[in-house]
>>> print(open('structure_26.csv').read())   # CSV, C-alpha atoms and all ligand atoms
chain,number,residue,atom,x,y,z
A,1,MET,CA,44.7,-100.8,-34.5
A,2,SER,CA,42.2,-102.2,-37.0
A,3,ARG,CA,40.0,-99.8,-38.9
A,4,LEU,CA,36.6,-99.8,-37.3
A,5,ILE,CA,33.6,-99.5,-39.7
A,6,VAL,CA,30.8,-97.2,-38.7
A,7,ALA,CA,27.7,-97.3,-40.8
A,8,SER,CA,26.0,-94.0,-40.9
A,9,GLN,CA,22.4,-93.2,-42.0
A,10,LEU,CA,23.1,-89.4,-41.8
A,11,PRO,CA,23.5,-87.0,-44.7
A,12,ASP,CA,26.9,-86.3,-46.2
A,13,LEU,CA,27.1,-83.0,-44.2
A,14,PHE,CA,27.1,-84.9,-40.9
A,15,ASN,CA,29.3,-87.8,-42.2
A,16,SER,CA,32.1,-85.4,-43.3
A,17,VAL,CA,32.1,-83.8,-39.8
A,18,PHE,CA,32.0,-87.3,-38.1
A,19,ALA,CA,34.9,-88.4,-40.4
A,20,GLN,CA,37.0,-85.4,-39.2
A,21,HIS,CA,36.5,-86.4,-35.5
A,22,VAL,CA,36.8,-90.2,-35.4
A,23,GLY,CA,40.4,-90.7,-36.4
A,24,ASP,CA,41.0,-94.3,-37.4
A,25,ALA,CA,37.3,-95.3,-37.9
A,26,GLU,CA,35.8,-95.3,-41.3
A,27,ILE,CA,32.3,-93.8,-41.8
A,28,VAL,CA,30.4,-95.7,-44.5
A,29,ALA,CA,27.2,-93.9,-45.7
A,30,VAL,CA,24.1,-96.2,-45.8
A,31,PRO,CA,20.4,-95.3,-46.5
A,32,PRO,CA,18.2,-94.4,-43.5
A,33,GLY,CA,15.6,-96.8,-42.0
A,34,LEU,CA,15.6,-100.5,-42.8
A,35,ALA,CA,16.0,-100.2,-46.5
A,36,ALA,CA,19.4,-101.8,-47.0
A,37,PRO,CA,21.7,-104.2,-45.3
A,38,LEU,CA,24.7,-102.8,-43.6
A,39,PRO,CA,28.3,-103.5,-44.6
A,40,ALA,CA,29.3,-106.9,-43.1
A,41,GLN,CA,32.1,-105.5,-41.0
A,42,ALA,CA,30.1,-102.6,-39.5
A,43,LYS,CA,30.3,-102.7,-35.7
A,44,VAL,CA,28.5,-99.4,-35.1
A,45,LEU,CA,25.3,-97.9,-36.6
A,46,VAL,CA,24.6,-94.1,-36.5
A,47,ALA,CA,20.8,-94.1,-36.9
A,48,ALA,CA,18.8,-91.3,-38.5
A,49,PRO,CA,15.2,-90.9,-37.2
A,50,PHE,CA,13.0,-93.9,-38.2
A,51,ARG,CA,10.1,-91.6,-39.0
A,52,LYS,CA,9.6,-88.1,-40.3
A,53,ALA,CA,7.5,-85.4,-38.5
A,54,GLY,CA,3.9,-86.6,-38.7
A,55,GLY,CA,5.0,-90.0,-40.0
A,56,VAL,CA,4.6,-93.5,-38.4
A,57,LEU,CA,7.3,-95.8,-37.0
A,58,PRO,CA,8.1,-99.0,-39.0
A,59,PRO,CA,6.9,-102.3,-37.5
A,60,GLU,CA,9.4,-104.7,-36.1
A,61,PRO,CA,11.0,-106.8,-38.9
A,62,PRO,CA,9.7,-110.4,-38.9
A,63,LYS,CA,13.0,-111.8,-37.7
A,64,GLY,CA,13.5,-109.1,-35.0
A,65,TRP,CA,16.5,-106.8,-34.6
A,66,PRO,CA,18.0,-106.8,-38.1
A,67,TYR,CA,21.6,-105.7,-37.8
A,68,ASP,CA,24.7,-107.3,-36.6
A,69,VAL,CA,26.2,-104.2,-34.9
A,70,GLN,CA,27.4,-103.8,-31.3
A,71,TRP,CA,26.3,-100.2,-30.7
A,72,VAL,CA,23.6,-97.8,-32.1
A,73,GLN,CA,24.1,-94.1,-31.9
A,74,LEU,CA,21.0,-92.0,-32.3
A,75,VAL,CA,21.1,-88.5,-33.9
A,76,SER,CA,18.5,-87.1,-31.5
A,77,VAL,CA,18.2,-86.7,-27.8
A,78,GLY,CA,14.5,-87.8,-27.6
A,79,ILE,CA,13.9,-91.4,-28.5
A,80,ASP,CA,10.4,-90.9,-29.9
A,81,PHE,CA,11.5,-90.9,-33.5
A,82,TYR,CA,12.7,-94.5,-33.1
A,83,PRO,CA,10.7,-97.7,-32.6
A,84,ASP,CA,10.8,-99.5,-29.2
A,85,TRP,CA,12.1,-102.7,-30.9
A,86,LEU,CA,15.3,-100.8,-31.8
A,87,PHE,CA,16.2,-100.9,-28.1
A,88,ASP,CA,15.9,-104.8,-28.0
A,89,GLY,CA,19.2,-105.0,-29.9
A,90,PRO,CA,22.7,-103.7,-28.9
A,91,VAL,CA,23.4,-100.8,-26.6
A,92,VAL,CA,21.8,-97.5,-27.8
A,93,THR,CA,23.2,-94.0,-27.0
A,94,SER,CA,21.4,-90.7,-27.6
A,95,ALA,CA,22.7,-87.3,-28.8
A,96,ARG,CA,22.2,-86.0,-25.3
A,97,GLY,CA,23.9,-82.6,-24.8
A,98,SER,CA,24.7,-82.0,-28.5
A,99,SER,CA,22.2,-79.2,-28.8
A,100,ALA,CA,22.0,-78.0,-25.2
A,101,VAL,CA,23.6,-74.6,-25.8
A,102,ALA,CA,21.5,-74.0,-28.9
A,103,LEU,CA,18.3,-74.8,-27.0
A,104,ALA,CA,19.4,-72.7,-23.9
A,105,GLU,CA,20.0,-69.7,-26.2
A,106,PHE,CA,16.6,-70.2,-27.9
A,107,ALA,CA,14.8,-70.3,-24.5
A,108,LEU,CA,16.6,-67.1,-23.5
A,109,ALA,CA,15.7,-65.5,-26.8
A,110,ALA,CA,12.0,-66.4,-26.2
A,111,ILE,CA,12.2,-64.8,-22.7
A,112,LEU,CA,13.9,-61.7,-24.0
A,113,ALA,CA,11.6,-61.4,-27.0
A,114,ASP,CA,8.6,-61.4,-24.6
A,115,ALA,CA,10.1,-58.9,-22.1
A,116,LYS,CA,11.4,-56.5,-24.7
A,117,ARG,CA,8.3,-56.9,-27.0
A,118,LEU,CA,10.2,-58.1,-30.0
A,119,PRO,CA,9.4,-57.8,-32.8
A,120,ASP,CA,6.5,-55.4,-32.1
A,121,ILE,CA,8.7,-52.4,-31.0
A,122,TRP,CA,10.4,-52.3,-34.4
A,123,ILE,CA,8.7,-49.6,-36.4
A,124,ASP,CA,8.4,-48.8,-40.1
A,125,LYS,CA,6.6,-45.5,-40.2
A,126,ALA,CA,6.7,-42.2,-38.2
A,127,ALA,CA,3.1,-42.7,-37.1
A,128,ARG,CA,4.2,-45.6,-34.9
A,129,TRP,CA,6.8,-43.5,-33.0
A,130,ALA,CA,5.4,-44.2,-29.6
A,131,PRO,CA,7.7,-45.7,-26.9
A,132,GLN,CA,6.4,-48.9,-25.4
A,133,PRO,CA,6.8,-50.0,-21.8
A,134,LEU,CA,9.1,-53.0,-21.5
A,135,LYS,CA,9.9,-55.5,-18.8
A,136,LEU,CA,13.2,-56.4,-17.0
A,137,ILE,CA,14.1,-60.0,-16.7
A,138,ALA,CA,16.7,-59.4,-14.0
A,139,GLY,CA,15.2,-60.4,-10.6
A,140,THR,CA,12.5,-62.6,-12.2
A,141,THR,CA,12.3,-66.3,-11.6
A,142,LEU,CA,12.9,-69.0,-14.2
A,143,GLY,CA,11.5,-72.5,-13.5
A,144,LEU,CA,13.0,-75.5,-15.3
A,145,VAL,CA,11.0,-78.7,-15.7
A,146,GLY,CA,13.9,-81.2,-16.1
A,147,PHE,CA,17.5,-80.6,-15.2
A,148,GLY,CA,19.5,-82.6,-17.7
A,149,ALA,CA,21.9,-81.3,-20.4
A,150,ILE,CA,19.6,-78.4,-21.4
A,151,GLY,CA,19.0,-77.4,-17.8
A,152,GLU,CA,22.8,-77.4,-17.2
A,153,ALA,CA,23.4,-75.2,-20.2
A,154,LEU,CA,20.4,-72.8,-19.5
A,155,ALA,CA,20.7,-72.2,-15.8
A,156,PRO,CA,24.1,-70.5,-15.6
A,157,ARG,CA,23.2,-68.4,-18.7
A,158,ALA,CA,20.0,-67.3,-17.0
A,159,GLN,CA,21.8,-66.6,-13.7
A,160,ALA,CA,24.3,-64.4,-15.5
A,161,LEU,CA,21.3,-62.2,-16.7
A,162,GLY,CA,20.2,-61.9,-13.1
A,163,LEU,CA,17.4,-64.5,-13.1
A,164,ASN,CA,16.7,-66.7,-10.1
A,165,VAL,CA,16.5,-70.3,-11.3
A,166,ILE,CA,14.4,-73.1,-9.7
A,167,ALA,CA,14.0,-76.6,-11.0
A,168,THR,CA,12.4,-80.0,-10.8
A,169,ARG,CA,13.8,-83.3,-12.0
A,170,ARG,CA,12.5,-86.9,-12.0
A,171,SER,CA,15.3,-88.6,-9.9
A,172,ASP,CA,16.6,-87.6,-6.5
A,173,LYS,CA,20.0,-86.7,-8.0
A,174,PRO,CA,21.1,-83.3,-6.8
A,175,ILE,CA,21.0,-80.2,-9.0
A,176,PRO,CA,24.6,-79.7,-10.0
A,177,THR,CA,24.5,-76.0,-10.8
A,178,PRO,CA,25.3,-73.8,-7.8
A,179,GLY,CA,22.5,-71.4,-6.9
A,180,VAL,CA,19.7,-73.4,-8.5
A,181,GLU,CA,17.0,-74.3,-6.0
A,182,ARG,CA,15.3,-77.6,-6.4
A,183,VAL,CA,11.5,-77.4,-5.7
A,184,ALA,CA,9.4,-80.2,-4.5
A,185,ASP,CA,6.8,-80.4,-7.3
A,186,LEU,CA,5.5,-78.9,-10.5
A,187,LYS,CA,2.7,-76.8,-8.9
A,188,THR,CA,5.2,-75.1,-6.6
A,189,LEU,CA,7.4,-74.5,-9.6
A,190,PHE,CA,4.6,-72.9,-11.6
A,191,ALA,CA,3.4,-70.9,-8.6
A,192,ARG,CA,6.8,-69.3,-8.2
A,193,SER,CA,8.0,-68.8,-11.8
A,194,ASP,CA,7.7,-65.9,-14.2
A,195,HIS,CA,9.0,-68.1,-17.0
A,196,VAL,CA,8.9,-71.9,-17.2
A,197,VAL,CA,11.0,-73.8,-19.7
A,198,LEU,CA,10.1,-77.4,-20.4
A,199,ALA,CA,13.3,-79.4,-20.7
A,200,ALA,CA,12.1,-83.0,-20.0
A,201,PRO,CA,11.7,-85.9,-22.3
A,202,ALA,CA,8.4,-87.3,-23.7
A,203,THR,CA,7.7,-90.4,-21.7
A,204,PRO,CA,4.5,-92.1,-20.5
A,205,GLU,CA,5.1,-90.2,-17.2
A,206,THR,CA,5.4,-86.8,-18.9
A,207,GLN,CA,2.4,-87.0,-21.3
A,208,ARG,CA,0.3,-83.9,-20.8
A,209,LEU,CA,2.2,-83.3,-17.6
A,210,ILE,CA,1.3,-79.6,-18.0
A,211,GLY,CA,-2.4,-79.8,-17.6
A,212,ARG,CA,-5.3,-78.0,-15.9
A,213,GLU,CA,-4.1,-78.7,-12.3
A,214,VAL,CA,-0.6,-77.4,-12.9
A,215,LEU,CA,-1.7,-74.4,-14.9
A,216,ALA,CA,-4.2,-73.5,-12.2
A,217,ALA,CA,-1.3,-73.1,-9.8
A,218,ALA,CA,0.6,-70.8,-12.2
A,219,LYS,CA,1.7,-67.4,-11.1
A,220,PRO,CA,-0.5,-64.9,-13.0
A,221,GLY,CA,1.2,-63.8,-16.2
A,222,LEU,CA,3.6,-66.7,-16.5
A,223,HIS,CA,5.4,-67.3,-19.8
A,224,LEU,CA,5.5,-71.0,-20.8
A,225,ILE,CA,8.3,-72.0,-23.2
A,226,ASN,CA,8.4,-75.5,-24.7
A,227,ILE,CA,11.6,-76.6,-26.4
A,228,ALA,CA,11.3,-80.2,-25.4
A,229,ARG,CA,8.3,-82.1,-26.8
A,230,GLY,CA,4.8,-81.1,-27.6
A,231,ALA,CA,3.3,-84.1,-25.8
A,232,LEU,CA,4.2,-82.6,-22.4
A,233,ILE,CA,1.4,-80.1,-22.7
A,234,ASP,CA,-2.4,-80.6,-22.6
A,235,ASP,CA,-3.1,-78.1,-25.4
A,236,GLU,CA,-6.8,-77.5,-24.4
A,237,ALA,CA,-5.7,-76.7,-20.9
A,238,LEU,CA,-3.0,-74.3,-22.1
A,239,LEU,CA,-5.5,-72.5,-24.4
A,240,GLU,CA,-7.9,-72.0,-21.4
A,241,ALA,CA,-5.0,-70.7,-19.3
A,242,LEU,CA,-4.0,-68.3,-22.0
A,243,ASP,CA,-7.6,-67.1,-22.5
A,244,ASP,CA,-8.2,-66.5,-18.8
A,245,GLY,CA,-4.8,-64.7,-18.3
A,246,ARG,CA,-3.1,-67.1,-15.9
A,247,VAL,CA,-0.5,-67.7,-18.7
A,248,SER,CA,0.4,-64.5,-20.6
A,249,ARG,CA,2.3,-66.1,-23.4
A,250,ALA,CA,3.3,-69.5,-24.7
A,251,SER,CA,6.4,-69.8,-26.9
A,252,LEU,CA,6.2,-73.2,-28.5
A,253,ASP,CA,9.0,-74.6,-30.6
A,254,VAL,CA,7.6,-78.1,-30.4
A,255,THR,CA,4.0,-79.4,-30.7
A,256,HIS,CA,2.1,-82.6,-30.8
A,257,PRO,CA,1.7,-83.6,-33.6
A,258,GLU,CA,4.2,-81.9,-35.8
A,259,PRO,CA,3.3,-80.2,-38.0
A,260,LEU,CA,0.1,-79.0,-36.3
A,261,THR,CA,-2.9,-79.4,-38.7
A,262,GLU,CA,-3.9,-76.3,-40.6
A,263,GLY,CA,-6.4,-74.3,-38.6
A,264,HIS,CA,-5.0,-75.4,-35.1
A,265,PRO,CA,-5.6,-72.5,-32.7
A,266,PHE,CA,-1.9,-72.2,-31.9
A,267,TYR,CA,-1.3,-70.8,-35.4
A,268,SER,CA,-3.5,-67.8,-34.7
A,269,HIS,CA,-3.8,-67.3,-31.0
A,270,PRO,CA,-2.5,-63.8,-30.1
A,271,LYS,CA,-0.6,-65.1,-27.1
A,272,VAL,CA,1.1,-68.0,-28.8
A,273,ARG,CA,4.5,-67.7,-30.5
A,274,LEU,CA,4.9,-70.8,-32.6
A,275,SER,CA,8.1,-71.9,-34.4
A,276,PRO,CA,8.6,-75.1,-36.4
A,277,HIS,CA,10.9,-77.2,-34.1
A,278,THR,CA,13.7,-75.0,-35.2
A,279,SER,CA,15.7,-74.4,-32.0
A,280,VAL,CA,18.1,-77.2,-32.6
A,281,HIS,CA,19.2,-76.1,-36.1
A,282,THR,CA,22.6,-74.5,-35.4
A,283,PRO,CA,25.9,-75.6,-37.0
A,284,ASP,CA,27.5,-76.6,-33.7
A,285,THR,CA,25.1,-79.5,-33.1
A,286,ARG,CA,26.8,-81.5,-35.8
A,287,ILE,CA,30.2,-80.8,-34.3
A,288,ASN,CA,29.0,-81.5,-30.8
A,289,LEU,CA,27.4,-84.8,-31.8
A,290,ALA,CA,30.6,-85.9,-33.7
A,291,THR,CA,32.8,-84.9,-30.7
A,292,ARG,CA,30.7,-86.8,-28.2
A,293,PHE,CA,30.5,-89.8,-30.6
A,294,ALA,CA,34.3,-89.8,-30.9
A,295,GLU,CA,34.7,-89.8,-27.1
A,296,ASN,CA,32.3,-92.7,-26.9
A,297,LEU,CA,34.1,-94.5,-29.7
A,298,ALA,CA,37.3,-94.4,-27.7
A,299,ARG,CA,35.3,-95.9,-24.8
A,300,PHE,CA,33.9,-98.5,-27.1
A,301,ARG,CA,37.3,-99.5,-28.4
A,302,SER,CA,38.7,-99.8,-24.9
A,303,GLY,CA,35.7,-101.8,-23.6
A,304,ALA,CA,34.7,-99.0,-21.2
A,305,PRO,CA,31.0,-98.3,-20.5
A,306,LEU,CA,29.5,-95.8,-23.0
A,307,ALA,CA,28.1,-92.4,-21.9
A,308,ASP,CA,24.6,-91.3,-22.7
A,309,VAL,CA,23.1,-94.8,-22.9
A,310,VAL,CA,19.3,-94.8,-23.4
A,311,ASP,CA,17.3,-96.7,-20.7
A,312,LEU,CA,14.0,-97.6,-22.5
A,313,SER,CA,12.3,-98.4,-19.2
A,314,ARG,CA,13.0,-94.8,-18.1
A,315,GLY,CA,12.2,-93.4,-21.6
A,316,TYR,CA,15.4,-91.4,-22.1
B,401,LIG,N1,13.7,-79.1,-29.7
B,401,LIG,C1,14.6,-80.0,-30.0
B,401,LIG,O1,15.0,-80.1,-31.1
B,401,LIG,C2,15.2,-80.8,-28.9
B,401,LIG,C3,16.6,-81.0,-28.9
B,401,LIG,C4,17.2,-81.7,-27.8
B,401,LIG,C5,16.3,-82.2,-26.8
B,401,LIG,N2,15.0,-82.0,-26.9
B,401,LIG,C6,14.1,-82.6,-25.9
B,401,LIG,O2,14.4,-82.1,-24.6
B,401,LIG,C7,14.5,-83.2,-23.7
B,401,LIG,C8,15.5,-82.9,-22.6
B,401,LIG,O3,16.8,-82.8,-23.2
B,401,LIG,P1,18.1,-82.9,-22.4
B,401,LIG,O4,19.3,-82.9,-23.3
B,401,LIG,O5,18.1,-82.0,-21.2
B,401,LIG,O6,17.9,-84.4,-21.8
B,401,LIG,P2,18.5,-85.2,-20.5
B,401,LIG,O7,19.9,-84.7,-20.3
B,401,LIG,O8,18.3,-86.6,-20.7
B,401,LIG,O9,17.7,-84.6,-19.3
B,401,LIG,C9,16.3,-84.9,-19.2
B,401,LIG,C10,15.9,-84.3,-17.8
B,401,LIG,O10,14.5,-84.5,-17.7
B,401,LIG,C11,14.2,-85.0,-16.4
B,401,LIG,N3,12.9,-85.6,-16.3
B,401,LIG,C12,12.6,-86.8,-16.8
B,401,LIG,N4,11.3,-87.1,-16.5
B,401,LIG,C13,10.8,-86.1,-15.8
B,401,LIG,C14,9.6,-85.8,-15.1
B,401,LIG,N5,8.6,-86.6,-15.1
B,401,LIG,N6,9.5,-84.6,-14.4
B,401,LIG,C15,10.6,-83.7,-14.3
B,401,LIG,N7,11.8,-84.0,-14.9
B,401,LIG,C16,11.9,-85.1,-15.6
B,401,LIG,C17,15.4,-85.8,-16.1
B,401,LIG,O11,15.5,-86.0,-14.7
B,401,LIG,P3,16.6,-86.9,-14.0
B,401,LIG,O12,17.9,-86.5,-14.5
B,401,LIG,O13,16.4,-86.7,-12.5
B,401,LIG,O14,16.4,-88.3,-14.4
B,401,LIG,C18,16.5,-85.0,-16.7
B,401,LIG,O15,16.9,-84.0,-15.7
B,401,LIG,C19,14.9,-84.4,-24.6
B,401,LIG,O16,14.4,-85.7,-24.0
B,401,LIG,C20,14.2,-84.1,-25.9
B,401,LIG,O17,12.9,-84.7,-25.9
B,401,LIG,C21,14.4,-81.3,-27.9
>>> encode(input="structure_26.csv", output="structure tokens", more="lines below")
Ligand SMILES: NC(=O)c1ccc[n+]([C@@H]2O[C@H](COP(=O)([O-])OP(=O)(O)OC[C@H]3O[C@@H](n4cnc5c(N)ncnc54)[C@H](OP(=O)(O)O)[C@@H]3O)[C@@H](O)[C@H]2O)c1
Amino acid sequence: MSRLIVASQLPDLFNSVFAQHVGDAEIVAVPPGLAAPLPAQAKVLVAAPFRKAGGVLPPEPPKGWPYDVQWVQLVSVGIDFYPDWLFDGPVVTSARGSSAVALAEFALAAILADAKRLPDIWIDKAARWAPQPLKLIAGTTLGLVGFGAIGEALAPRAQALGLNVIATRRSDKPIPTPGVERVADLKTLFARSDHVVLAAPATPETQRLIGREVLAAAKPGLHLINIARGALIDDEALLEALDDGRVSRASLDVTHPEPLTEGHPFYSHPKVRLSPHTSVHTPDTRINLATRFAENLARFRSGAPLADVVDLSRGY
């Protein structure tokens, strides 16, 4: 079998993990973005994000899609860090699933931190020795907005802790996890849930999906957790819902924009727990991405359809 050349815009840390997984293919490091031509024989491009947080996407090159490759693998699940014109070229696959367990654990950590009042119960002086009332999460209801790779990782973990899980998704595909109830719409999901985790992509359809109307239907005291994309939330509507008590807490690992400008109310609001898009940063995501890439590489070599292909018209 000829040695297949994969041009990778990822850092050495990723490339060495990829190299361990792809057997006969050769990983050739190239600079990110459009800065340099690719090796002439490269058939595959592993693309780093085309913009940094807070940055802008590059315009389409004057002569259109610039590279003579047959497949582009993205390093992220969301496609919002890549320009639309990137999808006018060869088939593009996303990193779908590579961080699903990391994100599921992060969502559960947010739920437990709220119920068990972490970190507030940890004391550093005798004067604070006063037991605090805590909440149980067993028997409560978790609502999932989106039921893709993250939903599939999170639902059974939540069920194992005794939570009831309900979900919505865009398509009419069934929910594959036994025991997860599909609900008809977002308002019903918010009305029935004690915790809601956003696990859907940023698309034109999901921009500010969580706005006044949906939040008005929320079960009083609901905890909203966003590990997907900040654009899904209408921030003003969320602040109103936090202030009037319909939402008791918002745990936000993603915001729009990123980073939030200095002085944004989310930094100081007593009911907001803000983290800097950090849920994905666990070592397994590199290995998972490399494993899934290697599986797709085998399909690519044999001419079989690739998994995790991005459909730009759908937005994920
Ligand atoms: N924080 C991070 O670093 C990080 C890491 C990974 C992912 N993410 C974000 O999380 C998103 C989800 O990740 P994933 O791996 O679960 O993606 P996925 O496997 O592609 O699943 C996306 C899910 O969202 C659903 N969906 C799409 N539009 C919707 C809508 N309007 N209303 C309700 N559900 C909708 C889809 O429904 P159908 O299946 O029915 O089409 C699908 O179930 C990604 O797109 C990305 O933006 C963030």
>>> atom_distance(input="structure_26.csv", atom1="atom CA of A:Ala199", atom2="atom C4 of ligand LIG 401 (chain B)")
8.4 Å
>>> residues_near_ligand(input="structure_26.csv", ligand="ligand LIG 401 (chain B)", cutoff="8 Å", atoms="all atoms listed in the file", output="number ranges by chain")
A: 76-80, 95-100, 103, 145-152, 168-173, 186, 198-203, 205-206, 209, 227-229, 253-254, 277-281, 316
>>> residues_around(input="structure_26.csv", residues="stretch 175-180 of chain A", least_positions_apart="6", cutoff="8 Å", atoms="all atoms listed in the file", output="MDAnalysis selection string")
chainID A and resid 147 152 155:156 164:167
>>> closest_residue(input="structure_26.csv", among="A:Gln207, A:Ser94, A:Asn288, A:Gln41", to="A:Gln70", atoms="all atoms listed in the file")
A:Gln41
>>> atom_distance(input="structure_26.csv", atom1="atom CA of A:Pro58", atom2="atom CA of A:Phe293")
25.6 Å
>>> closest_residue(input="structure_26.csv", among="A:Val46, A:Leu252, A:Val197, A:Trp85", to="A:Pro59", atoms="all atoms listed in the file")
A:Trp85
>>> residues_near_point(input="structure_26.csv", point="(32.8, -106.9, -42.5)", cutoff="12 Å", atoms="all atoms listed in the file", output="JSON, numbers by chain")
{"A": [2, 3, 4, 5, 6, 7, 28, 37, 38, 39, 40, 41, 42, 43, 44, 68, 69]}
>>> closest_residue(input="structure_26.csv", among="A:Val91, A:Val17, A:Val101, A:Val22", to="A:Val309", atoms="all atoms listed in the file")
A:Val91
>>> atom_distance(input="structure_26.csv", atom1="atom CA of A:Val310", atom2="atom CA of A:Glu295")
16.6 Å
>>> residues_around(input="structure_26.csv", residues="A:Gly54", least_positions_apart="6", cutoff="7 Å", atoms="only C-alpha atoms", output="ChimeraX atom specification")
/A:257-259
>>> closest_residue(input="structure_26.csv", among="A:Thr255, A:Ala237, A:Lys52, A:Thr188", to="A:Tyr267", atoms="all atoms listed in the file")
A:Thr255
>>> residues_near_point(input="structure_26.csv", point="(15.7, -67.5, -14.6)", cutoff="9 Å", atoms="all atoms listed in the file", output="list in words")
Leu108, Ile137, Ala138, Gly139, Thr140, Thr141, Leu142, Gly143, Leu144, Leu154, Ala155, Pro156, Arg157, Ala158, Gln159, Leu161, Gly162, Leu163, Asn164, Val165, Ile166, Ser193, Asp194, His195 and Val196 of chain A
>>> closest_residue(input="structure_26.csv", among="A:Asp243, A:Leu45, A:Ala109, A:Val92", to="A:Ala307", atoms="only C-alpha atoms")
A:Val92
>>> closest_residue(input="structure_26.csv", among="A:Lys271, A:Pro133, A:Ala104, A:Leu189", to="A:Arg117", atoms="only C-alpha atoms")
A:Pro133
